Each structure stands twice: as C-alpha cells, then as structure tokens.
file upload_10.cif (mmCIF, C-alpha atoms and all ligand atoms)
data_work
loop_
_atom_site.label_atom_id
_atom_site.label_comp_id
_atom_site.auth_asym_id
_atom_site.auth_seq_id
_atom_site.Cartn_x
_atom_site.Cartn_y
_atom_site.Cartn_z
CA MET Y 12 109.61 114.81 160.43
CA PHE Y 13 107.20 112.16 159.29
CA ASN Y 14 107.64 109.64 162.11
CA PHE Y 15 105.44 107.00 160.53
CA ASN Y 16 104.45 104.30 162.95
CA ASN Y 17 105.64 100.72 162.58
CA GLU Y 18 102.31 99.36 161.42
CA LEU Y 19 102.35 101.76 158.48
CA LEU Y 20 105.99 101.12 157.60
CA CYS Y 21 105.32 97.36 157.55
CA LEU Y 22 102.33 97.93 155.34
CA ALA Y 23 104.48 100.03 152.98
CA ASN Y 24 107.01 97.22 152.69
CA GLU Y 25 104.28 94.68 152.09
CA ALA Y 26 102.85 96.95 149.37
CA LYS Y 27 106.18 97.26 147.58
CA LYS Y 28 106.59 93.49 147.60
CA ALA Y 29 103.07 92.84 146.35
CA LEU Y 30 103.45 95.46 143.64
CA ARG Y 31 106.82 94.35 142.31
CA GLU Y 32 105.38 92.78 139.18
CA ARG Y 33 103.03 95.69 138.52
CA PHE Y 34 105.92 98.12 138.84
CA GLU Y 35 107.90 96.09 136.32
CA GLN Y 36 104.98 96.40 133.91
CA PHE Y 37 104.85 100.18 134.40
CA ASP Y 38 108.62 100.36 133.81
CA GLU Y 39 108.31 98.28 130.66
CA ILE Y 40 105.62 100.57 129.25
CA SER Y 41 107.80 103.55 130.10
CA ARG Y 42 110.78 101.91 128.39
CA ILE Y 43 108.83 101.34 125.18
CA ASN Y 44 107.39 104.86 125.15
CA THR Y 45 110.81 106.34 125.94
CA GLU Y 46 112.32 104.44 123.02
CA ARG Y 47 109.65 105.91 120.75
CA VAL Y 48 110.44 109.41 122.04
CA ILE Y 49 114.20 109.02 121.59
CA ASP Y 50 113.80 107.51 118.11
CA SER Y 51 111.66 110.46 117.10
CA PHE Y 52 114.12 113.00 118.56
CA ARG Y 53 116.91 111.37 116.54
CA GLU Y 54 114.97 111.11 113.29
CA ASN Y 55 114.02 114.75 113.61
CA ARG Y 56 117.59 115.78 114.39
CA VAL Y 57 116.82 117.55 117.65
CA SER Y 58 119.69 119.84 118.55
CA GLU Y 59 120.26 122.86 120.75
CA ALA Y 60 119.15 125.09 117.87
CA CYS Y 61 115.62 123.71 118.40
CA PHE Y 62 115.46 125.35 121.81
CA ALA Y 63 116.10 128.89 120.57
CA PRO Y 64 113.26 131.28 121.41
CA THR Y 65 111.43 133.24 118.75
CA SER Y 66 109.45 136.44 119.17
CA GLY Y 67 106.90 138.41 117.18
CA TYR Y 68 105.23 136.36 114.47
CA GLY Y 69 107.49 133.41 115.14
CA TYR Y 70 107.91 132.58 111.45
CA ASP Y 71 110.07 129.54 110.70
CA ASP Y 72 110.49 128.51 114.31
CA ARG Y 73 112.40 125.30 113.78
CA GLY Y 74 112.06 124.02 117.33
CA ARG Y 75 108.29 124.50 117.26
CA ASP Y 76 107.78 122.83 113.88
CA THR Y 77 110.07 119.94 114.83
CA LEU Y 78 108.27 119.35 118.12
CA ASP Y 79 104.96 119.26 116.24
CA ARG Y 80 106.33 116.44 114.06
CA ILE Y 81 107.69 114.62 117.10
CA TYR Y 82 104.33 114.81 118.87
CA ALA Y 83 102.66 113.35 115.78
CA GLU Y 84 105.14 110.48 115.58
CA VAL Y 85 105.15 109.65 119.27
CA LEU Y 86 101.35 109.76 119.51
CA GLY Y 87 100.86 107.64 116.39
CA ALA Y 88 99.22 110.44 114.38
CA GLU Y 89 99.71 111.91 110.89
CA SER Y 90 99.99 115.41 112.22
CA ALA Y 91 99.99 117.36 115.48
CA PHE Y 92 100.64 120.68 117.11
CA VAL Y 93 101.68 121.54 120.65
CA ARG Y 94 101.80 125.09 122.00
CA HIS Y 95 102.69 126.65 125.35
CA SER Y 96 100.05 129.28 124.56
CA ILE Y 97 97.18 126.81 124.90
CA ALA Y 98 96.01 127.76 128.39
CA ASN Y 99 94.73 124.40 129.63
CA GLY Y 100 93.06 121.17 128.58
CA THR Y 101 89.67 122.80 128.18
CA HIS Y 102 91.19 125.39 125.82
CA ALA Y 103 92.79 122.65 123.71
CA LEU Y 104 89.48 120.77 123.56
CA THR Y 105 87.66 123.98 122.66
CA ILE Y 106 90.07 124.70 119.79
CA ALA Y 107 89.54 121.21 118.45
CA LEU Y 108 85.74 121.23 118.75
CA PHE Y 109 85.36 124.66 117.14
CA GLY Y 110 87.93 123.67 114.53
CA LEU Y 111 85.86 120.70 113.37
CA LEU Y 112 82.21 121.65 113.96
CA ARG Y 113 80.06 123.96 111.81
CA PRO Y 114 76.53 125.36 112.27
CA GLY Y 115 73.95 122.60 111.88
CA ASP Y 116 76.42 119.86 112.81
CA VAL Y 117 75.89 117.49 115.72
CA LEU Y 118 78.48 116.84 118.41
CA TYR Y 119 77.75 113.36 119.75
CA SER Y 120 79.30 112.21 123.04
CA VAL Y 121 79.21 108.43 123.43
CA SER Y 122 80.86 108.30 126.87
CA GLY Y 123 78.18 110.21 128.76
CA LYS Y 124 78.51 113.79 129.86
CA PRO Y 125 81.96 115.23 129.16
CA TYR Y 126 84.23 116.77 131.80
CA ASP Y 127 82.52 119.57 133.75
CA THR Y 128 84.50 122.46 132.26
CA LEU Y 129 83.10 121.60 128.82
CA ASP Y 130 79.49 122.40 129.80
CA GLY Y 131 80.06 126.04 128.95
CA VAL Y 132 81.90 125.19 125.73
CA ILE Y 133 79.12 122.93 124.49
CA GLY Y 134 76.46 125.31 125.82
CA ILE Y 135 74.67 123.02 128.26
CA ASP Y 136 75.44 125.12 131.33
CA GLY Y 137 72.38 127.37 130.97
CA ASN Y 138 74.42 130.49 130.13
CA GLY Y 139 73.62 131.42 126.54
CA GLY Y 140 75.39 134.16 124.64
CA GLN Y 141 78.99 133.49 125.64
CA GLY Y 142 79.93 132.01 122.28
CA SER Y 143 79.40 128.33 123.04
CA LEU Y 144 78.98 125.72 120.32
CA ALA Y 145 75.22 125.95 120.92
CA ASP Y 146 75.34 129.72 120.28
CA PHE Y 147 76.87 128.90 116.89
CA GLY Y 148 74.14 126.40 116.05
CA VAL Y 149 76.00 123.19 116.88
CA GLU Y 150 73.66 120.63 118.36
CA TYR Y 151 74.73 118.35 121.19
CA MET Y 152 73.68 114.75 121.76
CA GLN Y 153 74.84 112.21 124.27
CA THR Y 154 74.57 108.50 125.00
CA ASP Y 155 75.35 107.41 128.52
CA LEU Y 156 77.52 104.42 129.31
CA ASN Y 157 75.88 101.12 130.24
CA GLU Y 158 75.47 100.13 133.87
CA ASP Y 159 78.68 98.11 133.59
CA GLY Y 160 80.57 101.18 132.38
CA GLU Y 161 80.91 100.01 128.77
CA PHE Y 162 79.81 101.83 125.61
CA ASN Y 163 76.13 101.39 124.79
CA ILE Y 164 76.85 100.01 121.33
CA ALA Y 165 73.23 99.32 120.37
CA GLU Y 166 72.18 102.87 121.21
CA ILE Y 167 75.22 104.36 119.43
CA GLU Y 168 74.33 102.41 116.26
CA ARG Y 169 70.70 103.50 116.45
CA THR Y 170 71.61 107.15 116.98
CA LEU Y 171 74.14 107.25 114.13
CA LYS Y 172 71.61 105.67 111.77
CA ARG Y 173 68.83 108.00 112.89
CA VAL Y 174 70.75 111.29 112.94
CA GLY Y 175 72.88 110.29 109.98
CA ARG Y 176 75.11 112.77 108.24
CA ARG Y 177 74.49 115.62 110.68
CA VAL Y 178 76.80 113.94 113.22
CA LYS Y 179 80.22 115.48 112.58
CA VAL Y 180 82.13 114.58 115.75
CA VAL Y 181 81.83 111.40 117.83
CA TYR Y 182 83.33 112.26 121.20
CA VAL Y 183 84.88 110.02 123.85
CA GLN Y 184 86.44 110.94 127.16
CA ARG Y 185 89.12 108.33 127.80
CA SER Y 186 89.70 109.00 131.48
CA LYS Y 187 87.08 108.67 134.19
CA GLY Y 188 88.01 112.23 135.15
CA TYR Y 189 86.25 112.83 138.44
CA MET Y 190 83.37 110.50 137.78
CA ASN Y 191 82.57 107.15 139.21
CA ARG Y 192 83.19 105.09 136.12
CA LYS Y 193 85.86 103.08 134.34
CA THR Y 194 88.58 104.56 132.16
CA PHE Y 195 88.76 103.25 128.60
CA SER Y 196 91.79 101.59 127.09
CA SER Y 197 93.04 102.84 123.73
CA GLU Y 198 92.07 99.46 122.23
CA SER Y 199 88.48 99.60 123.41
CA ILE Y 200 88.08 103.15 122.11
CA GLY Y 201 89.60 102.05 118.81
CA SER Y 202 87.25 99.14 118.31
CA MET Y 203 84.18 101.24 119.18
CA PHE Y 204 85.34 103.88 116.67
CA LYS Y 205 85.71 101.17 114.04
CA LEU Y 206 82.03 100.42 114.40
CA VAL Y 207 81.21 104.15 114.28
CA LYS Y 208 83.15 104.51 111.02
CA SER Y 209 81.42 101.50 109.49
CA ILE Y 210 78.11 103.34 109.90
CA SER Y 211 79.27 106.94 109.48
CA PRO Y 212 82.57 106.99 107.56
CA ASN Y 213 82.73 110.79 107.40
CA VAL Y 214 82.57 111.65 111.11
CA TYR Y 215 85.63 112.74 113.07
CA THR Y 216 86.31 110.33 115.93
CA PHE Y 217 87.50 112.50 118.81
CA VAL Y 218 89.13 111.65 122.16
CA ASP Y 219 89.60 113.80 125.23
CA ASN Y 220 92.91 112.10 126.05
CA CYS Y 221 93.61 113.97 129.31
CA TYR Y 222 95.40 111.81 131.91
CA GLY Y 223 95.76 108.94 129.43
CA GLU Y 224 99.00 109.70 127.59
CA PHE Y 225 101.79 107.11 128.01
CA VAL Y 226 99.81 104.97 130.45
CA GLN Y 227 99.75 102.39 127.66
CA VAL Y 228 102.16 101.81 124.79
CA CYS Y 229 99.53 102.96 122.31
CA GLU Y 230 97.27 106.00 122.17
CA PRO Y 231 93.77 106.02 120.63
CA THR Y 232 95.38 107.51 117.49
CA HIS Y 233 97.38 104.30 117.05
CA TYR Y 234 93.96 102.64 116.72
CA GLY Y 235 92.65 105.11 114.21
CA ALA Y 236 91.10 107.96 116.23
CA ASP Y 237 90.91 111.08 114.05
CA ILE Y 238 91.83 113.49 116.80
CA ILE Y 239 93.16 113.34 120.38
CA VAL Y 240 93.59 116.29 122.71
CA GLY Y 241 95.42 116.81 125.99
CA SER Y 242 97.06 119.17 128.45
CA LEU Y 243 100.78 119.70 129.10
CA ILE Y 244 100.31 120.27 132.82
CA LYS Y 245 99.24 116.64 132.89
CA ASN Y 246 100.99 113.56 131.46
CA PRO Y 247 102.75 114.74 128.27
CA GLY Y 248 104.31 117.79 129.95
CA GLY Y 249 106.22 115.36 132.16
CA GLY Y 250 106.23 117.88 135.01
CA MET Y 251 108.59 120.08 132.99
CA ALA Y 252 106.36 122.08 130.64
CA GLU Y 253 105.22 125.35 132.20
CA SER Y 254 101.86 125.27 130.41
CA GLY Y 255 100.30 124.20 127.14
CA GLY Y 256 98.22 121.73 125.23
CA TYR Y 257 98.38 119.54 122.15
CA ILE Y 258 96.12 118.30 119.38
CA ALA Y 259 97.12 115.27 117.29
CA GLY Y 260 95.37 113.26 114.61
CA SER Y 261 94.70 113.05 110.89
CA LYS Y 262 96.25 115.65 108.61
CA LYS Y 263 92.91 117.13 107.67
CA ALA Y 264 91.48 117.30 111.21
CA VAL Y 265 94.64 118.82 112.67
CA GLU Y 266 94.80 121.41 109.87
CA LEU Y 267 91.20 122.48 110.58
CA CYS Y 268 92.05 122.80 114.29
CA SER Y 269 95.14 124.86 113.47
CA TYR Y 270 92.93 127.42 111.69
CA ARG Y 271 90.90 127.80 114.82
CA MET Y 272 93.99 128.05 117.05
CA THR Y 273 95.41 130.98 115.07
CA CYS Y 274 93.52 132.11 111.95
CA PRO Y 275 91.97 130.55 108.87
CA GLY Y 276 94.63 130.50 106.16
CA ILE Y 277 97.49 130.98 108.65
CA GLY Y 278 97.30 127.92 110.89
CA LEU Y 279 100.69 126.72 112.08
CA GLU Y 280 102.78 129.30 110.22
CA VAL Y 281 102.94 131.65 113.21
CA GLY Y 282 103.32 131.51 116.98
CA ALA Y 283 106.35 132.82 118.85
CA THR Y 284 107.70 130.34 121.36
CA LEU Y 285 109.23 132.93 123.73
CA GLY Y 286 111.72 130.47 125.20
CA GLN Y 287 109.18 127.82 126.21
CA THR Y 288 110.29 125.20 123.71
CA LYS Y 289 113.07 123.54 125.69
CA SER Y 290 110.86 122.70 128.67
CA MET Y 291 108.31 121.18 126.30
CA TYR Y 292 110.97 118.93 124.72
CA LYS Y 293 112.34 118.05 128.13
CA GLY Y 294 108.81 117.37 129.35
CA LEU Y 295 108.10 114.94 126.53
CA PHE Y 296 111.43 113.24 127.23
CA TYR Y 297 110.45 112.78 130.88
CA ALA Y 298 106.75 112.07 130.30
CA PRO Y 299 106.83 108.25 130.03
CA HIS Y 300 108.95 108.10 133.19
CA SER Y 301 106.82 110.64 135.09
CA VAL Y 302 103.69 108.72 134.13
CA ALA Y 303 105.23 105.45 135.37
CA ASN Y 304 106.00 107.13 138.69
CA ALA Y 305 102.46 108.46 138.92
CA LEU Y 306 101.11 104.95 138.22
CA LYS Y 307 103.36 103.45 140.89
CA THR Y 308 102.20 106.05 143.37
CA ALA Y 309 98.55 105.36 142.51
CA ALA Y 310 98.89 101.57 142.80
CA PHE Y 311 100.82 101.95 146.06
CA ALA Y 312 98.04 104.13 147.48
CA ALA Y 313 95.37 101.67 146.36
CA TYR Y 314 97.18 98.85 148.14
CA ILE Y 315 97.73 100.76 151.39
CA PHE Y 316 94.20 102.12 151.60
CA GLN Y 317 92.55 98.84 150.63
CA LYS Y 318 94.43 97.20 153.49
CA LEU Y 319 93.24 99.99 155.79
CA GLY Y 320 89.67 99.11 154.83
CA TYR Y 321 88.78 101.68 152.15
CA ALA Y 322 87.20 101.05 148.76
CA THR Y 323 89.49 102.10 145.91
CA SER Y 324 89.05 102.51 142.17
CA PRO Y 325 90.96 101.08 140.45
CA ALA Y 326 91.97 98.33 142.89
CA TRP Y 327 95.72 97.92 143.40
CA ASN Y 328 95.96 94.98 140.99
CA ASP Y 329 93.53 96.28 138.33
CA GLU Y 330 94.68 97.30 134.86
CA ARG Y 331 95.17 101.07 134.65
CA TYR Y 332 94.34 103.31 131.73
CA ASP Y 333 94.84 106.71 133.36
CA ILE Y 334 96.78 108.08 136.33
CA ILE Y 335 93.77 108.87 138.52
CA GLN Y 336 93.16 107.01 141.76
CA ALA Y 337 89.89 107.30 143.68
CA ILE Y 338 89.50 106.29 147.33
CA GLU Y 339 86.23 106.41 149.25
CA MET Y 340 87.18 108.07 152.54
CA LYS Y 341 83.72 107.49 154.09
CA ASP Y 342 83.59 110.73 156.10
CA ALA Y 343 84.57 114.38 155.76
CA GLU Y 344 87.22 114.24 158.49
CA ALA Y 345 89.10 111.41 156.77
CA LEU Y 346 88.90 113.18 153.40
CA CYS Y 347 90.36 116.35 154.91
CA ALA Y 348 93.04 114.37 156.78
CA PHE Y 349 94.07 112.68 153.52
CA CYS Y 350 94.51 116.04 151.80
CA ARG Y 351 96.44 117.46 154.78
CA GLY Y 352 98.84 114.53 154.58
CA ILE Y 353 99.44 115.03 150.85
CA GLN Y 354 100.04 118.75 151.31
CA TYR Y 355 102.49 118.17 154.16
CA ALA Y 356 104.65 115.92 151.97
CA SER Y 357 104.66 118.29 148.98
CA PRO Y 358 107.78 120.14 147.85
CA VAL Y 359 106.00 123.51 147.61
CA ASP Y 360 103.58 125.10 150.13
CA SER Y 361 104.04 122.17 152.51
CA TYR Y 362 103.46 124.48 155.47
CA VAL Y 363 99.87 125.35 154.51
CA THR Y 364 96.80 123.42 155.65
CA PRO Y 365 94.18 122.75 153.00
CA GLU Y 366 90.63 123.67 154.03
CA PRO Y 367 87.30 122.95 152.29
CA TRP Y 368 85.96 125.93 150.35
CA ASP Y 369 82.97 126.93 148.21
CA MET Y 370 84.38 126.51 144.75
CA PRO Y 371 82.43 128.43 142.07
CA GLY Y 372 80.21 126.12 140.08
CA TYR Y 373 80.09 123.30 142.63
CA SER Y 374 77.13 122.58 144.90
CA ASP Y 375 79.26 121.06 147.67
CA GLN Y 376 82.40 122.35 149.29
CA VAL Y 377 85.64 121.03 147.81
CA ILE Y 378 89.00 120.37 149.46
CA MET Y 379 92.22 120.34 147.45
CA ALA Y 380 95.84 119.55 148.17
CA ALA Y 381 98.50 120.65 145.70
CA GLY Y 382 102.02 121.66 146.51
CA THR Y 383 103.28 121.75 142.96
CA PHE Y 384 106.12 123.53 141.15
CA THR Y 385 103.77 124.32 138.27
CA SER Y 386 100.53 125.85 139.49
CA GLY Y 387 97.65 123.41 139.16
CA SER Y 388 99.85 120.71 137.66
CA SER Y 389 98.28 117.31 138.11
CA ILE Y 390 101.16 115.16 136.90
CA GLU Y 391 102.61 116.39 140.19
CA LEU Y 392 101.09 114.83 143.32
CA SER Y 393 97.73 116.46 143.96
CA ALA Y 394 94.42 115.47 145.52
CA ASP Y 395 90.93 116.79 145.77
CA GLY Y 396 87.40 115.78 146.60
CA PRO Y 397 83.92 117.23 147.14
CA LEU Y 398 82.57 117.08 150.69
CA ARG Y 399 79.66 114.79 150.02
CA PRO Y 400 79.12 111.04 150.57
CA PRO Y 401 80.97 108.77 149.99
CA TYR Y 402 83.68 111.44 150.47
CA THR Y 403 85.78 110.18 147.60
CA VAL Y 404 89.23 111.64 147.24
CA PHE Y 405 90.62 111.73 143.71
CA PHE Y 406 94.33 112.02 143.43
CA GLN Y 407 96.91 111.77 140.73
CA GLY Y 408 100.53 112.40 139.95
CA GLY Y 409 103.80 111.95 141.71
CA LEU Y 410 106.84 112.92 139.65
CA THR Y 411 109.01 110.51 141.59
CA PHE Y 412 107.80 107.38 143.36
CA GLU Y 413 109.98 108.37 146.33
CA SER Y 414 108.05 111.60 146.87
CA GLY Y 415 104.71 110.13 145.75
CA SER Y 416 104.85 107.22 148.17
CA LEU Y 417 105.94 109.58 150.94
CA GLY Y 418 102.82 111.63 150.22
CA ILE Y 419 100.63 108.54 150.40
CA LEU Y 420 102.14 107.40 153.70
CA SER Y 421 101.76 110.92 155.05
CA ALA Y 422 98.08 110.87 154.00
CA ALA Y 423 97.56 107.44 155.58
CA SER Y 424 99.28 108.61 158.75
CA GLU Y 425 96.98 111.64 159.05
CA VAL Y 426 93.93 109.45 158.50
CA LEU Y 427 95.07 106.91 161.13
CA LYS Y 428 95.67 109.75 163.64
CA ILE Y 429 92.05 110.92 163.56
CA LYS Y 430 90.75 107.33 163.62
CA LYS Y 431 92.60 106.70 166.88
CA VAL Y 432 91.13 109.62 168.81
C1 LIG Y 501 91.89 117.85 133.13
C2 LIG Y 501 90.88 117.39 132.20
C3 LIG Y 501 90.32 118.23 131.24
C4 LIG Y 501 90.73 119.65 131.06
O1 LIG Y 501 90.82 120.36 132.24
P1 LIG Y 501 91.70 121.68 132.41
O2 LIG Y 501 91.54 121.95 133.86
O3 LIG Y 501 91.06 122.70 131.54
O4 LIG Y 501 93.09 121.40 132.00
C5 LIG Y 501 89.38 117.70 130.40
N1 LIG Y 501 89.00 116.41 130.48
C6 LIG Y 501 89.53 115.58 131.38
C7 LIG Y 501 89.09 114.14 131.42
C8 LIG Y 501 90.48 116.02 132.27
O5 LIG Y 501 91.00 115.19 133.16
#

call {"tool": "encode", "arguments": {"input": "upload_10.cif", "output": "structure tokens"}}
result
Amino acid sequence: MFNFNNELLCLANEAKKALRERFEQFDEISRINTERVIDSFRENRVSEACFAPTSGYGYDDRGRDTLDRIYAEVLGAESAFVRHSIANGTHALTIALFGLLRPGDVLYSVSGKPYDTLDGVIGIDGNGGQGSLADFGVEYMQTDLNEDGEFNIAEIERTLKRVGRRVKVVYVQRSKGYMNRKTFSSESIGSMFKLVKSISPNVYTFVDNCYGEFVQVCEPTHYGADIIVGSLIKNPGGGMAESGGYIAGSKKAVELCSYRMTCPGIGLEVGATLGQTKSMYKGLFYAPHSVANALKTAAFAAYIFQKLGYATSPAWNDERYDIIQAIEMKDAEALCAFCRGIQYASPVDSYVTPEPWDMPGYSDQVIMAAGTFTSGSSIELSADGPLRPPYTVFFQGGLTFESGSLGILSAASEVLKIKKV
C-alpha cells in the first residue's frame, strides 16, 4: 500500500491542475507524430505478413525492409535502418561513426564531450589498442558549449575554417544525457548545421538523437541533419521493442553505415529478424504515446519536487526537448530515498531495495532504480544518480502516466519520510 499523506495528495492534485495545458501540448505532439506513423504504415501496406520471422541470411525479409522505409518516413529522412541486433545506443553510434569516418579524417564534436560510453569508441579513454576510432587514425576534436549552454558559433566557424576538409563528421548530442546542460531542440540543431554546411558543405552532420525522438513534431533530420542515431530501449521502441537501434539520414550516409553494420557490398540485403519484427512495429506505433507519458511524468515530478523545495532541470513549465528530468536532492539520503520510492512503485522487482554501488568506470558510487519489463529500458520509469554533491537524481520514462506519477509520489513520500525523522 502506498498510503500517501494528505499533503502529498493535495500537491498531486495541484500539479495536475497546473500542468493541464502542458499535458495538452504533449498530447498534441503525440497526436501529430501518431498520425505520421499511421500514414506511413498505410502507405507501406503493413500487414500481418510483415511480422513473419526470417532465419539464416534473412534475404528478402519484407517486414524488415518495410520497417526501414517507415523509419525513414517517420523520422523525416531519405533512408534508414532499424535492427533488433544492434545491442544498444552506443553500438548504433559506433556503427554510424565507423561507417562514415576514414583514417586521417576528423570527428568534430560541437556539443562538448559526448556521452561517457563513447570515450572508448572515440579513443579518449586512455585504453589504446581496442580498435577505437583513434586506433584507426581518426582524429577527434571538440568545442565546448558556451556558459549559457548554447553552441559556440564563433569557435565552430574558426575551427571549420582552420581544419578545413579534414573534418568529415560534425557531431551533436541532442540530449543533455547525464550532464548539467540544456537539451537542444531539433530547430536549433538544424540552424547550427546550416551554418556548418555553409562553411564545409561536404561534412556529414551527425546527431546522437537518444532520448529525443518524438518529444517534438520534428527530428533533426527534418531540418537537414545527415544522420541521426538512437536506441530502441529508449523512445522509439515505445516500451515494446526487446532491443535494438536505428540509423536514419541521407541515402549516401545510411548506405555507408549499412556496410559497417553488416559487410561492405552487402549492407541491408541480409539480417534475419528471428521474430523480433512485430514488437518493433508495435513499439513505433506506441512510441509517440509512450514519450508523451514520459514527458507528463517528468513535468509532474518537476512540479512536485519544486514545491518541496528542490532545484529541477528542466523546471515544470520549461520547454522540453528530451525525456530526462534532473532533480538536485541535496544529500545522499534523499537521493537514495528517491530511488527506493521509484523502485517500490515499479511493476518488476518492486520488492528489492536499491543500494549505492561501485560501478565500473565511475569515480563515485552510483545508485539506480529500475523495475522494468525490458532490462535497462529507460523509456520505462527508471532513475539513477552518482553519490556526489549536489546529489542529482536523473530519471526518465514512465510508459503510462498512471504508473509514472505513482512512482513520483512514492519517491516524494520516501523523501518526506526521512526529512521528518
Ligand atoms: C543512452 C544514450 C546513449 C547510448 O547509451 P546505451 O546505454 O549504449 O544505449 C548515447 N547517448 C545518449 C545521449 C544517451 O542518452
């Protein structure tokens, strides 16, 4: 039993009232994205035959090839592929980077240091010899964001002019990930890329789109990005896909990536789907709705915790460009209580108590809460944070607002309990 106290239940009601208009906006975005999905399903004549599994080489897998076209259409790209066999977001990003970059090329990140798991892929983690981009002679350069969190346009211009044709990929991470910065809108990425192309027309403009899909009605590809990449255990899997990743973009860029995913000369011609196709279709069908629920859950949490006196990013009434919500919990006990509350309200493993642990590769202990149907899925309600000041918890997901908001109230209730003793 949850037994929330009256104070909290009143706050929840107040939050729902205050958020009514925001929720309508999330629903409207979901409606538009859903229409795009359904239109594409119809135009591509999706039928039960598309869900049939293939084995072996997987030649002529109609469901797979059709879903590739649908992904391209829905994401506003010329071409795309989506595969259950892409292990995670990092794998999808790795395929795309190795697909596009050649020895002597420069990979240029203009949104600061990419997501942690890419250190080893780029070869800036200090472990040479594992086959990173650096091992293959790809140079890495980076321009940090300005103090205000915006792109450092002047520095980007200077660097492109100075390094010139050696820059092959200009890289942006759309979501804040687990950093203390803003998330970029598709529009703002698009207009920065426009400037990039005016100086260096031959570069590939590249977006790590993780956590961003369907939060807006347009993706960076709608604004001309050459390639976007994401994970199916986040937004576009809709909570249905068992695993996977996608790459979407221009015909040429996607083709190059396809040669890295399988083999040069073979590309998208092979790849057995082993019965995974239906959950990927179903996931895309649900994705706009799941994302809207995750956004509602995040905004609800921001409201509740702001009223309880915590700093949140984004604030409850800010524009949102990804599904991540950060809350500064101020001390370790409150961070752990938050995670306990989330875990308790989860559909799976709700009886376990999350504890901080020494996660490999992190200097501080980390606590995580995830009671998800799909292991590690972060379109499902999940939370984590490193045990260091300001004890920020990052959480995301919530397949239904009913369960998501329950999780948030459960988290708030646990935090209030320890504050009272
Ligand atoms: C999740 C994520 C990734 C990829 O992480 P995986 O754990 O490999 O799926 C990359 N970039 C960002 C911004 C992410 O949020």

call {"tool": "residues_around", "arguments": {"input": "upload_10.cif", "residues": "Thr77 in chain Y", "least_positions_apart": "3", "cutoff": "8 Å", "atoms": "all atoms listed in the file", "output": "PyMOL selection string"}}
result
chain Y and resi 55+57+61+73-74+80-81

call {"tool": "residues_near_ligand", "arguments": {"input": "upload_10.cif", "ligand": "ligand LIG 501 (chain Y)", "cutoff": "9 Å", "atoms": "all atoms listed in the file", "output": "ChimeraX atom specification"}}
result
/Y:98-104,125-129,184-189,219-223,240-245,256,335,387-389

call {"tool": "atom_distance", "arguments": {"input": "upload_10.cif", "atom1": "CA of Gly415 in chain Y", "atom2": "CA of Pro325 in chain Y"}}
result
17.3 Å

call {"tool": "atom_distance", "arguments": {"input": "upload_10.cif", "atom1": "CA of Ser357 in chain Y", "atom2": "CA of Ala343 in chain Y"}}
result
21.6 Å

call {"tool": "atom_distance", "arguments": {"input": "upload_10.cif", "atom1": "CA of Asn163 in chain Y", "atom2": "CA of Arg177 in chain Y"}}
result
20.1 Å

call {"tool": "closest_residue", "arguments": {"input": "upload_10.cif", "among": "Y:Ser202, Y:Ser58, Y:Asn16, Y:Asn24", "to": "Thr288 in chain Y", "atoms": "all atoms listed in the file"}}
result
Y:Ser58

call {"tool": "closest_residue", "arguments": {"input": "upload_10.cif", "among": "Y:Ala88, Y:Ala305, Y:Ala63, Y:Ala348", "to": "Tyr402 in chain Y", "atoms": "only C-alpha atoms"}}
result
Y:Ala348

call {"tool": "residues_around", "arguments": {"input": "upload_10.cif", "residues": "Gln227 in chain Y", "least_positions_apart": "4", "cutoff": "8 Å", "atoms": "all atoms listed in the file", "output": "PyMOL selection string"}}
result
chain Y and resi 40+197+223+332

call {"tool": "residues_around", "arguments": {"input": "upload_10.cif", "residues": "Glu18 in chain Y", "least_positions_apart": "5", "cutoff": "12 Å", "atoms": "only C-alpha atoms", "output": "list in words"}}
result
Ala23, Asn24, Glu25, Ile315, Lys318, Leu319, Leu420, Ala423, Ser424 and Leu427 of chain Y

call {"tool": "residues_around", "arguments": {"input": "upload_10.cif", "residues": "range 83-85 of chain Y", "least_positions_apart": "4", "cutoff": "7 Å", "atoms": "only C-alpha atoms", "output": "list in words"}}
result
Arg47, Val48, Ser51, Asp79, Glu89, Ser90, Ala91 and Ala259 of chain Y

call {"tool": "residues_around", "arguments": {"input": "upload_10.cif", "residues": "Val117 in chain Y", "least_positions_apart": "6", "cutoff": "8 Å", "atoms": "only C-alpha atoms", "output": "list in words"}}
result
Val149, Glu150, Tyr151, Met152, Arg177, Val178, Lys179 and Val180 of chain Y

call {"tool": "closest_residue", "arguments": {"input": "upload_10.cif", "among": "Y:Met379, Y:Ala26, Y:Leu111, Y:Met12", "to": "Glu266 in chain Y", "atoms": "all atoms listed in the file"}}
result
Y:Leu111

call {"tool": "closest_residue", "arguments": {"input": "upload_10.cif", "among": "Y:Cys347, Y:Leu285, Y:Ile429, Y:Leu295", "to": "Gly67 in chain Y", "atoms": "all atoms listed in the file"}}
result
Y:Leu285

call {"tool": "closest_residue", "arguments": {"input": "upload_10.cif", "among": "Y:Pro299, Y:Gly160, Y:Gly148, Y:Gly131", "to": "Ile49 in chain Y", "atoms": "all atoms listed in the file"}}
result
Y:Pro299

call {"tool": "build_atoms", "arguments": {"input": "upload_10.cif", "residues": "range 142-150 of chain Y", "atoms": "N, CA, C and O atoms", "output": "mmCIF file, in the frame of the given file"}}
result
data_model
loop_
_atom_site.group_PDB
_atom_site.id
_atom_site.type_symbol
_atom_site.label_atom_id
_atom_site.label_comp_id
_atom_site.auth_asym_id
_atom_site.auth_seq_id
_atom_site.Cartn_x
_atom_site.Cartn_y
_atom_site.Cartn_z
ATOM 1 N N GLY Y 142 79.174 132.523 123.429
ATOM 2 C CA GLY Y 142 79.930 132.010 122.280
ATOM 3 C C GLY Y 142 80.164 130.524 122.333
ATOM 4 O O GLY Y 142 81.171 130.023 121.813
ATOM 5 N N SER Y 143 79.275 129.792 122.979
ATOM 6 C CA SER Y 143 79.400 128.330 123.040
ATOM 7 C C SER Y 143 79.102 127.713 121.676
ATOM 8 O O SER Y 143 78.608 128.399 120.766
ATOM 9 N N LEU Y 144 79.352 126.448 121.548
ATOM 10 C CA LEU Y 144 78.980 125.720 120.320
ATOM 11 C C LEU Y 144 77.487 125.876 120.053
ATOM 12 O O LEU Y 144 77.078 126.089 118.910
ATOM 13 N N ALA Y 145 76.671 125.804 121.100
ATOM 14 C CA ALA Y 145 75.220 125.950 120.920
ATOM 15 C C ALA Y 145 74.890 127.325 120.343
ATOM 16 O O ALA Y 145 74.033 127.437 119.457
ATOM 17 N N ASP Y 146 75.572 128.374 120.821
ATOM 18 C CA ASP Y 146 75.340 129.720 120.280
ATOM 19 C C ASP Y 146 75.602 129.762 118.781
ATOM 20 O O ASP Y 146 75.021 130.570 118.062
ATOM 21 N N PHE Y 147 76.530 128.936 118.319
ATOM 22 C CA PHE Y 147 76.870 128.900 116.890
ATOM 23 C C PHE Y 147 76.067 127.844 116.134
ATOM 24 O O PHE Y 147 76.412 127.492 115.004
ATOM 25 N N GLY Y 148 75.029 127.310 116.770
ATOM 26 C CA GLY Y 148 74.140 126.400 116.050
ATOM 27 C C GLY Y 148 74.646 124.977 115.946
ATOM 28 O O GLY Y 148 74.222 124.224 115.066
ATOM 29 N N VAL Y 149 75.560 124.595 116.849
ATOM 30 C CA VAL Y 149 76.000 123.190 116.880
ATOM 31 C C VAL Y 149 75.163 122.458 117.924
ATOM 32 O O VAL Y 149 75.093 122.865 119.080
ATOM 33 N N GLU Y 150 74.535 121.382 117.484
ATOM 34 C CA GLU Y 150 73.660 120.630 118.360
ATOM 35 C C GLU Y 150 74.478 119.606 119.146
ATOM 36 O O GLU Y 150 75.479 119.100 118.639
#
